[in-house]
>>> print(open('my_file21.txt').read())   # compact mmCIF, N, CA and C atoms
# COMPACT_ATOMS: atom_id res chain seq x y z
N VAL A 294 20.13 -30.93 19.26
CA VAL A 294 19.99 -29.87 20.24
C VAL A 294 19.68 -30.49 21.59
N LYS A 295 20.44 -30.14 22.58
CA LYS A 295 20.20 -30.64 23.92
C LYS A 295 18.96 -29.98 24.51
N SER A 296 18.21 -30.74 25.30
CA SER A 296 16.98 -30.18 25.88
C SER A 296 17.28 -28.98 26.78
N ALA A 297 18.48 -28.91 27.35
CA ALA A 297 18.85 -27.76 28.18
C ALA A 297 18.89 -26.48 27.34
N ASN A 298 19.11 -26.61 26.02
CA ASN A 298 19.18 -25.45 25.13
C ASN A 298 17.81 -25.04 24.60
N VAL A 299 16.79 -25.86 24.84
CA VAL A 299 15.44 -25.55 24.37
C VAL A 299 14.84 -24.54 25.34
N VAL A 300 14.47 -23.37 24.83
CA VAL A 300 13.93 -22.31 25.67
C VAL A 300 12.59 -22.71 26.26
N CYS A 301 11.72 -23.21 25.41
CA CYS A 301 10.42 -23.67 25.88
C CYS A 301 9.78 -24.54 24.81
N GLY A 302 8.77 -25.28 25.19
CA GLY A 302 8.07 -26.15 24.25
C GLY A 302 8.50 -27.60 24.39
N PHE A 303 8.18 -28.39 23.36
CA PHE A 303 8.54 -29.80 23.37
C PHE A 303 10.02 -29.99 23.04
N SER A 304 10.62 -31.03 23.57
CA SER A 304 11.99 -31.39 23.21
C SER A 304 12.09 -32.91 23.17
N MET A 305 13.23 -33.43 22.79
CA MET A 305 13.41 -34.87 22.66
C MET A 305 13.37 -35.59 24.01
N THR A 306 13.76 -34.89 25.09
CA THR A 306 13.86 -35.57 26.38
C THR A 306 12.80 -35.18 27.40
N SER A 307 12.01 -34.15 27.12
CA SER A 307 10.96 -33.77 28.07
C SER A 307 9.65 -33.56 27.32
N ALA A 308 8.55 -33.82 28.02
CA ALA A 308 7.24 -33.68 27.38
C ALA A 308 6.94 -32.21 27.09
N TRP A 309 7.22 -31.32 28.03
CA TRP A 309 6.94 -29.90 27.82
C TRP A 309 7.77 -29.05 28.78
N LYS A 310 8.31 -27.96 28.29
CA LYS A 310 9.04 -27.01 29.12
C LYS A 310 8.28 -25.69 29.05
N ASP A 311 7.83 -25.18 30.21
CA ASP A 311 7.02 -23.96 30.23
C ASP A 311 7.73 -22.78 29.57
N CYS A 312 6.94 -21.97 28.89
CA CYS A 312 7.45 -20.79 28.19
C CYS A 312 7.41 -19.58 29.13
N PRO A 313 8.48 -18.77 29.15
CA PRO A 313 8.52 -17.61 30.03
C PRO A 313 7.57 -16.49 29.60
N SER A 314 7.13 -16.50 28.36
CA SER A 314 6.18 -15.48 27.90
C SER A 314 5.25 -16.12 26.87
N GLY A 315 4.24 -15.40 26.48
CA GLY A 315 3.28 -15.94 25.53
C GLY A 315 2.18 -16.70 26.25
N ASP A 316 1.40 -17.46 25.48
CA ASP A 316 0.24 -18.15 26.08
C ASP A 316 0.58 -19.52 26.67
N ASN A 317 1.79 -20.03 26.44
CA ASN A 317 2.26 -21.30 26.99
C ASN A 317 1.37 -22.49 26.61
N VAL A 318 0.66 -22.38 25.50
CA VAL A 318 -0.20 -23.47 25.04
C VAL A 318 0.68 -24.58 24.47
N HIS A 319 0.32 -25.83 24.78
CA HIS A 319 1.12 -26.98 24.35
C HIS A 319 0.85 -27.31 22.89
N ARG A 320 1.59 -26.67 22.03
CA ARG A 320 1.49 -26.91 20.59
C ARG A 320 2.82 -26.52 19.95
N MET A 321 3.05 -27.04 18.79
CA MET A 321 4.25 -26.68 18.03
C MET A 321 3.79 -26.16 16.67
N ARG A 322 4.43 -25.12 16.21
CA ARG A 322 4.13 -24.56 14.90
C ARG A 322 5.39 -24.58 14.07
N TYR A 323 5.23 -24.95 12.83
CA TYR A 323 6.35 -24.97 11.90
C TYR A 323 6.01 -24.04 10.75
N TYR A 324 6.95 -23.25 10.35
CA TYR A 324 6.74 -22.31 9.26
C TYR A 324 7.63 -22.69 8.09
N ILE A 325 7.04 -22.79 6.94
CA ILE A 325 7.78 -23.13 5.73
C ILE A 325 7.68 -21.95 4.78
N ARG A 326 8.82 -21.47 4.33
CA ARG A 326 8.81 -20.35 3.40
C ARG A 326 8.45 -20.87 2.02
N PHE A 327 7.43 -20.29 1.43
CA PHE A 327 7.01 -20.64 0.09
C PHE A 327 7.46 -19.55 -0.86
N ASN A 328 8.22 -19.93 -1.85
CA ASN A 328 8.70 -18.98 -2.83
C ASN A 328 8.00 -19.24 -4.15
N PRO A 329 7.00 -18.43 -4.46
CA PRO A 329 6.26 -18.65 -5.70
C PRO A 329 7.14 -18.41 -6.93
N GLN A 330 6.67 -18.88 -8.05
CA GLN A 330 7.38 -18.65 -9.31
C GLN A 330 7.54 -17.16 -9.52
N ILE A 331 8.71 -16.73 -9.90
CA ILE A 331 9.00 -15.31 -10.05
C ILE A 331 8.74 -14.88 -11.48
N ASP A 332 8.03 -13.80 -11.62
CA ASP A 332 7.76 -13.22 -12.93
C ASP A 332 9.02 -12.49 -13.40
N PRO A 333 9.63 -12.91 -14.53
CA PRO A 333 10.84 -12.24 -15.01
C PRO A 333 10.65 -10.74 -15.22
N LYS A 334 9.42 -10.30 -15.42
CA LYS A 334 9.15 -8.88 -15.61
C LYS A 334 9.38 -8.08 -14.34
N SER A 335 9.43 -8.77 -13.18
CA SER A 335 9.67 -8.05 -11.93
C SER A 335 11.13 -7.62 -11.81
N PHE A 336 11.98 -8.10 -12.69
CA PHE A 336 13.39 -7.69 -12.74
C PHE A 336 13.75 -7.37 -14.20
N PRO A 337 13.27 -6.23 -14.71
CA PRO A 337 13.55 -5.90 -16.12
C PRO A 337 15.03 -5.61 -16.35
N LEU A 338 15.52 -5.95 -17.52
CA LEU A 338 16.90 -5.65 -17.90
C LEU A 338 17.01 -4.16 -18.16
N VAL A 339 17.91 -3.47 -17.44
CA VAL A 339 18.07 -2.03 -17.62
C VAL A 339 19.31 -1.67 -18.42
N GLY A 340 20.17 -2.65 -18.71
CA GLY A 340 21.36 -2.38 -19.52
C GLY A 340 22.53 -3.23 -19.09
N SER A 341 23.64 -3.03 -19.77
CA SER A 341 24.88 -3.75 -19.46
C SER A 341 25.63 -3.04 -18.34
N GLY A 342 26.37 -3.80 -17.57
CA GLY A 342 27.14 -3.22 -16.47
C GLY A 342 26.44 -3.42 -15.15
N VAL A 343 26.70 -2.53 -14.19
CA VAL A 343 26.13 -2.66 -12.86
C VAL A 343 24.95 -1.71 -12.68
N CYS A 344 24.04 -2.08 -11.78
CA CYS A 344 22.86 -1.26 -11.50
C CYS A 344 23.25 0.06 -10.85
N LEU A 345 22.54 1.11 -11.26
CA LEU A 345 22.76 2.45 -10.70
C LEU A 345 21.42 3.03 -10.27
N ASP A 346 21.46 3.89 -9.25
CA ASP A 346 20.24 4.57 -8.81
C ASP A 346 20.04 5.83 -9.65
N ALA A 347 19.05 6.65 -9.29
CA ALA A 347 18.72 7.85 -10.06
C ALA A 347 19.84 8.88 -10.08
N GLU A 348 20.77 8.80 -9.12
CA GLU A 348 21.91 9.72 -9.07
C GLU A 348 23.20 9.07 -9.57
N SER A 349 23.05 7.97 -10.33
CA SER A 349 24.18 7.22 -10.91
C SER A 349 25.14 6.66 -9.87
N ARG A 350 24.61 6.29 -8.71
CA ARG A 350 25.44 5.68 -7.66
C ARG A 350 25.26 4.17 -7.68
N ARG A 351 26.35 3.46 -7.43
CA ARG A 351 26.32 2.01 -7.32
C ARG A 351 25.73 1.60 -5.98
N TYR A 352 25.18 0.41 -5.94
CA TYR A 352 24.62 -0.16 -4.71
C TYR A 352 25.66 -1.03 -4.01
N SER A 353 25.51 -1.19 -2.70
CA SER A 353 26.26 -2.23 -2.00
C SER A 353 25.67 -3.55 -2.48
N THR A 354 26.47 -4.61 -2.49
CA THR A 354 25.98 -5.87 -3.01
C THR A 354 26.21 -7.03 -2.04
N LEU A 355 25.42 -8.07 -2.24
CA LEU A 355 25.64 -9.37 -1.60
C LEU A 355 26.03 -10.31 -2.72
N SER A 356 27.08 -11.09 -2.51
CA SER A 356 27.56 -12.01 -3.54
C SER A 356 27.97 -13.33 -2.90
N ARG A 357 27.80 -14.42 -3.65
CA ARG A 357 28.14 -15.74 -3.13
C ARG A 357 29.43 -16.29 -3.74
N GLY A 358 29.91 -15.70 -4.78
CA GLY A 358 31.18 -16.14 -5.33
C GLY A 358 31.09 -16.86 -6.66
N GLY A 359 29.93 -17.00 -7.21
CA GLY A 359 29.86 -17.52 -8.56
C GLY A 359 29.16 -18.86 -8.73
N CYS A 360 28.93 -19.17 -9.99
CA CYS A 360 28.28 -20.39 -10.46
C CYS A 360 26.80 -20.46 -10.10
N GLU A 361 26.12 -19.31 -10.10
CA GLU A 361 24.68 -19.27 -9.96
C GLU A 361 24.06 -19.16 -11.35
N THR A 362 22.81 -19.54 -11.45
CA THR A 362 22.07 -19.33 -12.69
C THR A 362 21.32 -18.01 -12.57
N LEU A 363 20.83 -17.51 -13.69
CA LEU A 363 20.03 -16.30 -13.68
C LEU A 363 18.79 -16.49 -12.79
N GLU A 364 18.17 -17.66 -12.87
CA GLU A 364 16.98 -17.94 -12.06
C GLU A 364 17.33 -17.96 -10.56
N GLN A 365 18.49 -18.52 -10.19
CA GLN A 365 18.91 -18.53 -8.78
C GLN A 365 19.13 -17.10 -8.29
N CYS A 366 19.64 -16.25 -9.16
CA CYS A 366 19.88 -14.85 -8.81
C CYS A 366 18.54 -14.14 -8.57
N ARG A 367 17.59 -14.35 -9.46
CA ARG A 367 16.25 -13.78 -9.28
C ARG A 367 15.64 -14.25 -7.95
N GLN A 368 15.76 -15.55 -7.70
CA GLN A 368 15.20 -16.15 -6.48
C GLN A 368 15.84 -15.54 -5.24
N ALA A 369 17.16 -15.39 -5.24
CA ALA A 369 17.86 -14.84 -4.08
C ALA A 369 17.39 -13.41 -3.79
N CYS A 370 17.22 -12.59 -4.82
CA CYS A 370 16.76 -11.22 -4.63
C CYS A 370 15.33 -11.22 -4.09
N SER A 371 14.53 -12.17 -4.53
CA SER A 371 13.12 -12.22 -4.09
C SER A 371 12.98 -12.65 -2.62
N PHE A 372 14.04 -13.16 -2.00
CA PHE A 372 13.99 -13.49 -0.57
C PHE A 372 13.84 -12.23 0.28
N PHE A 373 14.21 -11.09 -0.28
CA PHE A 373 14.17 -9.82 0.44
C PHE A 373 12.94 -9.00 0.01
N LEU A 374 12.61 -8.01 0.81
CA LEU A 374 11.55 -7.08 0.44
C LEU A 374 12.01 -6.24 -0.74
N ASP A 375 11.05 -5.70 -1.51
CA ASP A 375 11.39 -4.91 -2.70
C ASP A 375 12.30 -3.73 -2.38
N PHE A 376 12.12 -3.10 -1.23
CA PHE A 376 12.94 -1.94 -0.89
C PHE A 376 14.29 -2.34 -0.26
N GLU A 377 14.56 -3.64 -0.10
CA GLU A 377 15.86 -4.10 0.38
C GLU A 377 16.75 -4.51 -0.79
N CYS A 378 16.28 -5.45 -1.59
CA CYS A 378 17.02 -5.88 -2.78
C CYS A 378 16.41 -5.15 -3.97
N ARG A 379 17.15 -4.21 -4.53
CA ARG A 379 16.64 -3.36 -5.60
C ARG A 379 16.77 -4.00 -6.98
N GLY A 380 17.56 -5.05 -7.08
CA GLY A 380 17.80 -5.72 -8.36
C GLY A 380 19.08 -6.53 -8.23
N PHE A 381 19.65 -6.91 -9.37
CA PHE A 381 20.88 -7.68 -9.30
C PHE A 381 21.72 -7.48 -10.55
N ASN A 382 23.03 -7.66 -10.37
CA ASN A 382 23.98 -7.69 -11.49
C ASN A 382 24.25 -9.16 -11.76
N PHE A 383 24.20 -9.55 -13.02
CA PHE A 383 24.48 -10.95 -13.37
C PHE A 383 25.39 -10.96 -14.58
N TYR A 384 26.51 -11.66 -14.47
CA TYR A 384 27.45 -11.78 -15.58
C TYR A 384 28.17 -13.11 -15.50
N THR A 385 28.87 -13.46 -16.55
CA THR A 385 29.61 -14.72 -16.61
C THR A 385 31.10 -14.44 -16.47
N GLU A 386 31.74 -15.26 -15.63
CA GLU A 386 33.17 -15.14 -15.40
C GLU A 386 33.74 -16.54 -15.25
N ASP A 387 34.71 -16.90 -16.09
CA ASP A 387 35.31 -18.25 -16.06
C ASP A 387 34.25 -19.34 -16.17
N ASP A 388 33.33 -19.18 -17.10
CA ASP A 388 32.25 -20.14 -17.37
C ASP A 388 31.28 -20.34 -16.20
N CYS A 389 31.25 -19.41 -15.26
CA CYS A 389 30.30 -19.47 -14.15
C CYS A 389 29.47 -18.20 -14.12
N GLY A 390 28.19 -18.35 -13.77
CA GLY A 390 27.35 -17.17 -13.57
C GLY A 390 27.64 -16.53 -12.24
N VAL A 391 27.83 -15.22 -12.24
CA VAL A 391 28.10 -14.48 -11.01
C VAL A 391 26.90 -13.58 -10.73
N CYS A 392 26.38 -13.68 -9.52
CA CYS A 392 25.21 -12.91 -9.10
C CYS A 392 25.61 -11.95 -7.99
N GLU A 393 25.27 -10.68 -8.16
CA GLU A 393 25.48 -9.66 -7.14
C GLU A 393 24.13 -9.00 -6.86
N LEU A 394 23.61 -9.19 -5.66
CA LEU A 394 22.34 -8.58 -5.29
C LEU A 394 22.57 -7.13 -4.92
N CYS A 395 21.83 -6.21 -5.50
CA CYS A 395 21.97 -4.77 -5.25
C CYS A 395 21.08 -4.38 -4.08
N MET A 396 21.72 -4.06 -2.96
CA MET A 396 20.99 -3.82 -1.72
C MET A 396 20.86 -2.33 -1.42
N GLU A 397 19.72 -1.96 -0.88
CA GLU A 397 19.42 -0.57 -0.52
C GLU A 397 20.45 -0.03 0.47
N SER A 398 20.76 1.24 0.34
CA SER A 398 21.66 1.92 1.26
C SER A 398 21.20 1.69 2.69
N GLY A 399 22.13 1.31 3.57
CA GLY A 399 21.80 1.07 4.97
C GLY A 399 21.34 -0.34 5.28
N PHE A 400 21.22 -1.20 4.27
CA PHE A 400 20.79 -2.58 4.51
C PHE A 400 21.79 -3.28 5.42
N ARG A 401 21.30 -3.97 6.44
CA ARG A 401 22.18 -4.65 7.40
C ARG A 401 21.82 -6.12 7.58
N GLY A 402 20.98 -6.67 6.75
CA GLY A 402 20.61 -8.07 6.86
C GLY A 402 21.67 -8.98 6.25
N TYR A 403 21.32 -10.24 6.10
CA TYR A 403 22.25 -11.19 5.49
C TYR A 403 21.48 -12.32 4.83
N LEU A 404 22.18 -13.07 4.04
CA LEU A 404 21.66 -14.28 3.43
C LEU A 404 22.74 -15.32 3.62
N PRO A 405 22.46 -16.43 4.31
CA PRO A 405 23.50 -17.42 4.60
C PRO A 405 24.27 -17.82 3.34
N GLY A 406 25.59 -17.78 3.44
CA GLY A 406 26.46 -18.15 2.33
C GLY A 406 26.81 -16.98 1.41
N TRP A 407 26.22 -15.82 1.64
CA TRP A 407 26.48 -14.65 0.80
C TRP A 407 27.26 -13.63 1.62
N SER A 408 28.15 -12.89 0.94
CA SER A 408 28.98 -11.88 1.60
C SER A 408 28.61 -10.49 1.11
N SER A 409 28.70 -9.54 2.01
CA SER A 409 28.40 -8.15 1.69
C SER A 409 29.63 -7.46 1.12
N VAL A 410 29.42 -6.67 0.05
CA VAL A 410 30.48 -5.87 -0.54
C VAL A 410 29.95 -4.44 -0.57
N GLU A 411 30.60 -3.56 0.17
CA GLU A 411 30.16 -2.17 0.24
C GLU A 411 30.60 -1.41 -1.00
N ALA A 412 29.74 -0.54 -1.48
CA ALA A 412 30.11 0.38 -2.56
C ALA A 412 30.98 1.46 -1.93
N GLU A 413 31.51 2.35 -2.75
CA GLU A 413 32.31 3.45 -2.21
C GLU A 413 31.49 4.16 -1.14
N ALA A 414 32.14 4.60 -0.07
CA ALA A 414 31.44 5.19 1.08
C ALA A 414 30.54 6.36 0.70
N ASN A 415 30.94 7.16 -0.27
CA ASN A 415 30.15 8.33 -0.63
C ASN A 415 29.23 8.08 -1.83
N ALA A 416 29.14 6.84 -2.28
CA ALA A 416 28.33 6.55 -3.46
C ALA A 416 27.53 5.27 -3.29
N ILE A 417 26.69 5.24 -2.28
CA ILE A 417 25.90 4.03 -2.03
C ILE A 417 24.49 4.25 -2.58
N GLY A 418 24.10 3.38 -3.50
CA GLY A 418 22.81 3.50 -4.18
C GLY A 418 21.63 3.42 -3.24
N ALA A 419 20.60 4.18 -3.59
CA ALA A 419 19.36 4.20 -2.81
C ALA A 419 18.18 4.37 -3.75
N GLY A 420 17.08 3.78 -3.38
CA GLY A 420 15.88 3.88 -4.21
C GLY A 420 15.93 2.89 -5.36
N PRO A 421 14.92 2.93 -6.22
CA PRO A 421 14.84 1.98 -7.34
C PRO A 421 16.01 2.11 -8.31
N VAL A 422 16.30 1.01 -8.98
CA VAL A 422 17.32 1.02 -10.04
C VAL A 422 16.78 1.85 -11.20
N SER A 423 17.61 2.76 -11.71
CA SER A 423 17.14 3.58 -12.82
C SER A 423 17.98 3.39 -14.08
N GLY A 424 19.08 2.66 -13.98
CA GLY A 424 19.92 2.43 -15.15
C GLY A 424 21.09 1.55 -14.80
N ALA A 425 22.05 1.47 -15.74
CA ALA A 425 23.23 0.65 -15.53
C ALA A 425 24.45 1.38 -16.08
N SER A 426 25.61 1.09 -15.50
CA SER A 426 26.85 1.66 -16.01
C SER A 426 27.26 0.87 -17.25
N ASP A 427 28.28 1.34 -17.93
CA ASP A 427 28.73 0.67 -19.14
C ASP A 427 29.54 -0.58 -18.87
N SER A 428 30.07 -0.72 -17.65
CA SER A 428 30.84 -1.92 -17.32
C SER A 428 30.70 -2.21 -15.83
N LYS A 429 31.15 -3.40 -15.43
CA LYS A 429 31.04 -3.77 -14.02
C LYS A 429 32.09 -3.10 -13.15
N SER A 430 33.05 -2.40 -13.76
CA SER A 430 34.11 -1.76 -12.98
C SER A 430 33.91 -0.26 -12.84
N ASP A 431 32.85 0.31 -13.41
CA ASP A 431 32.63 1.76 -13.28
C ASP A 431 32.30 2.15 -11.87
>>> encode(input="my_file21.txt", output="structure tokens")
Amino acid sequence: VKSANVVCGFSMTSAWKDCPSGDNVHRMRYYIRFNPQIDPKSFPLVGSGVCLDAESRRYSTLSRGGCETLEQCRQACSFFLDFECRGFNFYTEDDCGVCELCMESGFRGYLPGWSSVEAEANAIGAGPVSGASDSKSD
């Protein structure tokens, strides 16, 4: 990153660049996301097929394209707040695990490397997962 692109703070070529807002104290803070071990009970199995809400509507999903493990799928859903990622669909296709994160209606965030797949316009799941369809194509 070129120092011209640094908004404020320390950079490789200058000792300090004043900050336009805040306290302008000469310090750097680094934040590391800690992902604790996930309790499998926080994602109970509700059945075969895709997750459905209380009105039997499918959720919009985020998917990466395959070859994830069940644990990676749990971890990816846990990156979001409980009311954003409601659960996940996990199945095997061509010897690869496929993970689809079930996202709350109106969710507009992203996860790098994952793509959004909208459910039918009039059937977007909302609220907690209450069951599952009989197949992934329902």
>>> closest_atom_pairs(input="my_file21.txt", of="stretch 349-392 of chain A", to="stretch 336-341 of chain A", cutoff="8 Å", atoms="only N, CA and C atoms", output="JSON lines")
{"residue": "A:Arg367", "atom": "CA", "partner": "A:Phe336", "partner_atom": "CA", "distance": 7.6}
{"residue": "A:Arg379", "atom": "C", "partner": "A:Phe336", "partner_atom": "CA", "distance": 7.6}
{"residue": "A:Gly380", "atom": "CA", "partner": "A:Phe336", "partner_atom": "CA", "distance": 6.5}
{"residue": "A:Phe381", "atom": "N", "partner": "A:Phe336", "partner_atom": "CA", "distance": 7.2}
>>> select_by_dssp(input="my_file21.txt", residues="chain A", states="strand (DSSP E or B)", output="PyMOL selection string")
chain A and resi 302+310+344-345+351+353-356+378-386+389-396+408-410+424-425
>>> atom_distance(input="my_file21.txt", atom1="atom CA of A:Cys389", atom2="atom CA of A:Gly359")
5.9 Å
>>> closest_residue(input="my_file21.txt", among="A:Ser398, A:Asn317, A:Ser335, A:Ser408", to="A:Ser356", atoms="all atoms listed in the file")
A:Ser408
>>> closest_residue(input="my_file21.txt", among="A:Gly302, A:Gly420, A:Gly402, A:Pro313", to="A:Phe373", atoms="only C-alpha atoms")
A:Gly402
>>> atom_distance(input="my_file21.txt", atom1="atom CA of A:Cys344", atom2="atom CA of A:Ser423")
7.6 Å
>>> atom_distance(input="my_file21.txt", atom1="atom CA of A:Glu348", atom2="atom CA of A:Asp332")
27.2 Å
>>> residues_around(input="my_file21.txt", residues="A:Cys301", least_positions_apart="3", cutoff="6 Å", atoms="all atoms listed in the file", output="list in words")
Lys310, Asp311 and Cys312 of chain A
>>> write_last_selection(input="my_file21.txt", atoms="N, CA and C atoms", output="mmCIF file, keeping the file's coordinate frame")
data_model
loop_
_atom_site.group_PDB
_atom_site.id
_atom_site.type_symbol
_atom_site.label_atom_id
_atom_site.label_comp_id
_atom_site.auth_asym_id
_atom_site.auth_seq_id
_atom_site.Cartn_x
_atom_site.Cartn_y
_atom_site.Cartn_z
ATOM 1 N N LYS A 310 8.310 -27.960 28.290
ATOM 2 C CA LYS A 310 9.040 -27.010 29.120
ATOM 3 C C LYS A 310 8.280 -25.690 29.050
ATOM 4 N N ASP A 311 7.830 -25.180 30.210
ATOM 5 C CA ASP A 311 7.020 -23.960 30.230
ATOM 6 C C ASP A 311 7.730 -22.780 29.570
ATOM 7 N N CYS A 312 6.940 -21.970 28.890
ATOM 8 C CA CYS A 312 7.450 -20.790 28.190
ATOM 9 C C CYS A 312 7.410 -19.580 29.130
#
>>> select_by_dssp(input="my_file21.txt", residues="chain A", states="helix (DSSP H, G or I)", output="VMD selection string")
chain A and resid 296 to 298 333 to 335 363 to 371
>>> residues_near_point(input="my_file21.txt", point="(21.7, 1.7, -13.2)", cutoff="6 Å", atoms="all atoms listed in the file", output="list in words")
Val343, Cys344, Leu345, Asp346, Val422, Ser423, Gly424, Ala425 and Ser426 of chain A
>>> residues_near_point(input="my_file21.txt", point="(24.8, 3.2, 2.3)", cutoff="6.5 Å", atoms="all atoms listed in the file", output="PyMOL selection string")
chain A and resi 397-400+417-418
>>> axis_aligned_box(input="my_file21.txt", around="stretch 337-347 of chain A", padding_each_side="4 Å", output="AutoDock Vina command-line options")
--center_x 20.2 --center_y 1.3 --center_z -14.3 --size_x 21.9 --size_y 23.1 --size_z 19.0
>>> residues_around(input="my_file21.txt", residues="A:Thr362", least_positions_apart="5", cutoff="8 Å", atoms="only N, CA and C atoms", output="PyMOL selection string")
chain A and resi 367-368+383+389-392
>>> decode(input="my_file21.txt", residues="stretch 421-428 of chain A", atoms="all heavy atoms", output="short mmCIF file (atom, residue, chain, number, x, y, z; two decimals), in the first residue's frame")
data_model
loop_
_atom_site.label_atom_id
_atom_site.label_comp_id
_atom_site.auth_asym_id
_atom_site.auth_seq_id
_atom_site.Cartn_x
_atom_site.Cartn_y
_atom_site.Cartn_z
N PRO A 421 -36.37 -18.06 12.35
CA PRO A 421 -35.64 -19.31 12.59
C PRO A 421 -36.05 -20.44 11.65
O PRO A 421 -37.18 -20.47 11.16
CB PRO A 421 -36.00 -19.67 14.03
CG PRO A 421 -36.49 -18.40 14.63
CD PRO A 421 -37.10 -17.61 13.53
N VAL A 422 -35.13 -21.36 11.43
CA VAL A 422 -35.43 -22.56 10.64
C VAL A 422 -36.40 -23.42 11.46
O VAL A 422 -36.21 -23.63 12.65
CB VAL A 422 -34.14 -23.37 10.35
CG1 VAL A 422 -34.47 -24.69 9.69
CG2 VAL A 422 -33.19 -22.56 9.49
N SER A 423 -37.46 -23.89 10.81
CA SER A 423 -38.42 -24.71 11.54
C SER A 423 -38.54 -26.11 10.97
O SER A 423 -39.20 -26.96 11.56
CB SER A 423 -39.80 -24.04 11.57
OG SER A 423 -40.32 -23.96 10.29
N GLY A 424 -37.93 -26.36 9.82
CA GLY A 424 -38.00 -27.69 9.22
C GLY A 424 -37.19 -27.74 7.95
O GLY A 424 -36.42 -26.84 7.64
N ALA A 425 -37.38 -28.84 7.20
CA ALA A 425 -36.66 -29.02 5.95
C ALA A 425 -37.59 -29.64 4.91
O ALA A 425 -38.53 -30.35 5.26
CB ALA A 425 -35.45 -29.92 6.16
N SER A 426 -37.32 -29.34 3.65
CA SER A 426 -38.09 -29.95 2.57
C SER A 426 -37.58 -31.38 2.37
O SER A 426 -36.58 -31.78 2.93
CB SER A 426 -37.92 -29.15 1.28
OG SER A 426 -36.59 -29.29 0.81
N ASP A 427 -38.28 -32.13 1.54
CA ASP A 427 -37.88 -33.51 1.30
C ASP A 427 -36.69 -33.65 0.38
O ASP A 427 -36.04 -34.68 0.33
CB ASP A 427 -39.07 -34.31 0.72
CG ASP A 427 -40.17 -34.48 1.73
OD1 ASP A 427 -39.87 -34.51 2.95
OD2 ASP A 427 -41.33 -34.59 1.32
N SER A 428 -36.38 -32.60 -0.39
CA SER A 428 -35.23 -32.66 -1.29
C SER A 428 -34.67 -31.26 -1.48
O SER A 428 -35.30 -30.27 -1.16
CB SER A 428 -35.62 -33.24 -2.65
OG SER A 428 -36.39 -32.30 -3.39
#
